[in-house]
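Engineer: What follows is coords_15.cif, mmCIF, C-alpha atoms.
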```cif
data_structure
loop_
_atom_site.group_PDB
_atom_site.id
_atom_site.type_symbol
_atom_site.label_atom_id
_atom_site.label_comp_id
_atom_site.auth_asym_id
_atom_site.auth_seq_id
_atom_site.Cartn_x
_atom_site.Cartn_y
_atom_site.Cartn_z
ATOM 1 C CA MET V 576 63.318 95.682 -137.399
ATOM 2 C CA PRO V 577 60.192 97.576 -138.360
ATOM 3 C CA PHE V 578 57.788 98.341 -135.521
ATOM 4 C CA VAL V 579 54.392 99.985 -135.077
ATOM 5 C CA VAL V 580 52.972 101.448 -131.873
ATOM 6 C CA GLU V 581 49.627 99.647 -131.473
ATOM 7 C CA SER V 582 48.072 101.591 -128.612
ATOM 8 C CA PHE V 583 49.063 104.685 -126.706
ATOM 9 C CA GLU V 584 47.772 106.504 -123.631
ATOM 10 C CA PRO V 585 49.771 109.718 -123.066
ATOM 11 C CA GLU V 586 52.049 109.582 -120.024
ATOM 12 C CA SER V 587 50.659 106.172 -119.116
ATOM 13 C CA TYR V 588 50.886 103.267 -121.572
ATOM 14 C CA TRP V 589 52.107 102.114 -124.968
ATOM 15 C CA ASP V 590 52.570 98.800 -126.721
ATOM 16 C CA TRP V 591 53.843 97.808 -130.110
ATOM 17 C CA ARG V 592 54.283 95.214 -132.805
ATOM 18 C CA VAL V 593 57.714 94.301 -134.102
ATOM 19 C CA ALA V 594 57.843 92.828 -137.600
ATOM 20 C CA GLY V 595 54.039 92.432 -137.404
ATOM 21 C CA VAL V 596 54.135 90.414 -134.149
ATOM 22 C CA PRO V 597 52.731 91.722 -130.816
ATOM 23 C CA ALA V 598 55.645 92.752 -128.605
ATOM 24 C CA THR V 599 55.959 94.287 -125.155
ATOM 25 C CA GLY V 600 53.724 96.849 -123.526
ATOM 26 C CA HIS V 601 54.930 99.531 -121.125
ATOM 27 C CA ARG V 602 52.899 101.139 -118.342
ATOM 28 C CA VAL V 603 53.793 103.882 -115.863
ATOM 29 C CA GLU V 604 51.397 104.444 -112.935
ATOM 30 C CA SER V 605 51.646 107.078 -110.221
ATOM 31 C CA VAL V 606 51.560 105.521 -106.734
ATOM 32 C CA GLY V 607 52.189 108.669 -104.707
ATOM 33 C CA PRO V 608 54.279 111.815 -104.601
ATOM 34 C CA ASN V 609 57.551 111.212 -106.454
ATOM 35 C CA ARG V 610 56.703 107.504 -106.851
ATOM 36 C CA CYS V 611 55.547 105.371 -109.750
ATOM 37 C CA ARG V 612 55.168 101.763 -110.779
ATOM 38 C CA LEU V 613 56.695 100.704 -114.091
ATOM 39 C CA THR V 614 55.305 97.564 -115.700
ATOM 40 C CA PHE V 615 56.308 95.664 -118.818
ATOM 41 C CA THR V 616 53.816 93.267 -120.377
ATOM 42 C CA VAL V 617 55.354 90.406 -122.333
ATOM 43 C CA PRO V 618 53.426 87.988 -124.577
ATOM 44 C CA ILE V 619 53.593 84.344 -123.493
ATOM 45 C CA TRP V 620 55.600 83.405 -126.603
ATOM 46 C CA ALA V 621 58.321 85.892 -125.581
ATOM 47 C CA LEU V 622 58.842 84.902 -121.951
ATOM 48 C CA GLY V 623 62.595 84.758 -122.552
ATOM 49 C CA TYR V 624 62.426 88.494 -123.209
ATOM 50 C CA GLY V 625 61.355 88.882 -119.585
ATOM 51 C CA LEU V 626 65.039 88.770 -118.628
ATOM 52 C CA VAL V 627 65.728 91.755 -120.892
ATOM 53 C CA CYS V 628 62.819 93.611 -119.257
ATOM 54 C CA ARG V 629 64.110 92.778 -115.769
ATOM 55 C CA LEU V 630 67.554 94.114 -116.663
ATOM 56 C CA ALA V 631 65.938 97.271 -118.059
ATOM 57 C CA LEU V 632 63.948 97.769 -114.839
ATOM 58 C CA MET V 633 67.107 97.390 -112.739
ATOM 59 C CA ARG V 634 68.926 99.914 -114.937
ATOM 60 C CA ILE V 635 66.035 102.394 -114.742
ATOM 61 C CA ASP V 636 65.934 101.991 -110.943
ATOM 62 C CA ARG V 637 69.687 102.631 -110.705
ATOM 63 C CA LEU V 638 69.417 105.760 -112.887
ATOM 64 C CA LEU V 639 66.549 107.106 -110.788
ATOM 65 C CA MET V 640 68.436 106.459 -107.543
ATOM 66 C CA GLN V 641 71.465 108.323 -108.922
ATOM 67 C CA ALA V 642 69.283 111.220 -110.063
ATOM 68 C CA GLY V 643 67.625 111.353 -106.623
ATOM 69 C CA LYS V 644 71.019 111.615 -104.913
ATOM 70 C CA GLN V 645 72.009 114.491 -107.185
ATOM 71 C CA HIS V 646 68.800 116.385 -106.381
ATOM 72 C CA GLY V 647 68.390 115.293 -102.764
#
```
Could I get this file's structure written as structure tokens?
Structural biologist:
Amino acid sequence: MPFVVESFEPESYWDWRVAGVPATGHRVESVGPNRCRLTFTVPIWALGYGLVCRLALMRIDRLLMQAGKQHG
């Protein structure tokens, strides 16, 4: 599907439209040394997509934990 990045803050935030419809936003915030908070914003009409975002967060967490073990 065609998409367009609507707004972008380098190393911090981006959101997009998919097929002309507002889609998810993604934010990464530093919360300390070697720590961050990752947030997905989901429009109310796409609440079902929240499950996909939750699965993505769990996968990202698992990848980061594995990377930390390799470098720790």
Engineer: Taking the file as shown, what set of residues would the PyMOL selection byres ((chain V and resi 590-594) around 6) give back, as a ChimeraX atom specification?
Structural biologist: /V:577-582,589,595-600
Engineer: Return as an mmCIF file with C-alpha atoms, in the frame of the given file the set of residues that the PyMOL selection byres ((chain V and resi 629-644) around 12) yields on the displayed structure.
Structural biologist:
```
data_model
loop_
_atom_site.group_PDB
_atom_site.id
_atom_site.type_symbol
_atom_site.label_atom_id
_atom_site.label_comp_id
_atom_site.auth_asym_id
_atom_site.auth_seq_id
_atom_site.Cartn_x
_atom_site.Cartn_y
_atom_site.Cartn_z
ATOM 1 C CA HIS V 601 54.930 99.531 -121.125
ATOM 2 C CA VAL V 603 53.793 103.882 -115.863
ATOM 3 C CA ASN V 609 57.551 111.212 -106.454
ATOM 4 C CA ARG V 610 56.703 107.504 -106.851
ATOM 5 C CA CYS V 611 55.547 105.371 -109.750
ATOM 6 C CA ARG V 612 55.168 101.763 -110.779
ATOM 7 C CA LEU V 613 56.695 100.704 -114.091
ATOM 8 C CA THR V 614 55.305 97.564 -115.700
ATOM 9 C CA PHE V 615 56.308 95.664 -118.818
ATOM 10 C CA THR V 616 53.816 93.267 -120.377
ATOM 11 C CA VAL V 617 55.354 90.406 -122.333
ATOM 12 C CA LEU V 622 58.842 84.902 -121.951
ATOM 13 C CA GLY V 623 62.595 84.758 -122.552
ATOM 14 C CA TYR V 624 62.426 88.494 -123.209
ATOM 15 C CA GLY V 625 61.355 88.882 -119.585
ATOM 16 C CA LEU V 626 65.039 88.770 -118.628
ATOM 17 C CA VAL V 627 65.728 91.755 -120.892
ATOM 18 C CA CYS V 628 62.819 93.611 -119.257
ATOM 19 C CA GLN V 645 72.009 114.491 -107.185
ATOM 20 C CA HIS V 646 68.800 116.385 -106.381
ATOM 21 C CA GLY V 647 68.390 115.293 -102.764
#
```
Engineer: Run the PyMOL selection byres ((chain V and resi 586) around 10) against the file shown and list the residues it catches, as a PyMOL selection string.
Structural biologist: chain V and resi 583-585+587-589+602-604
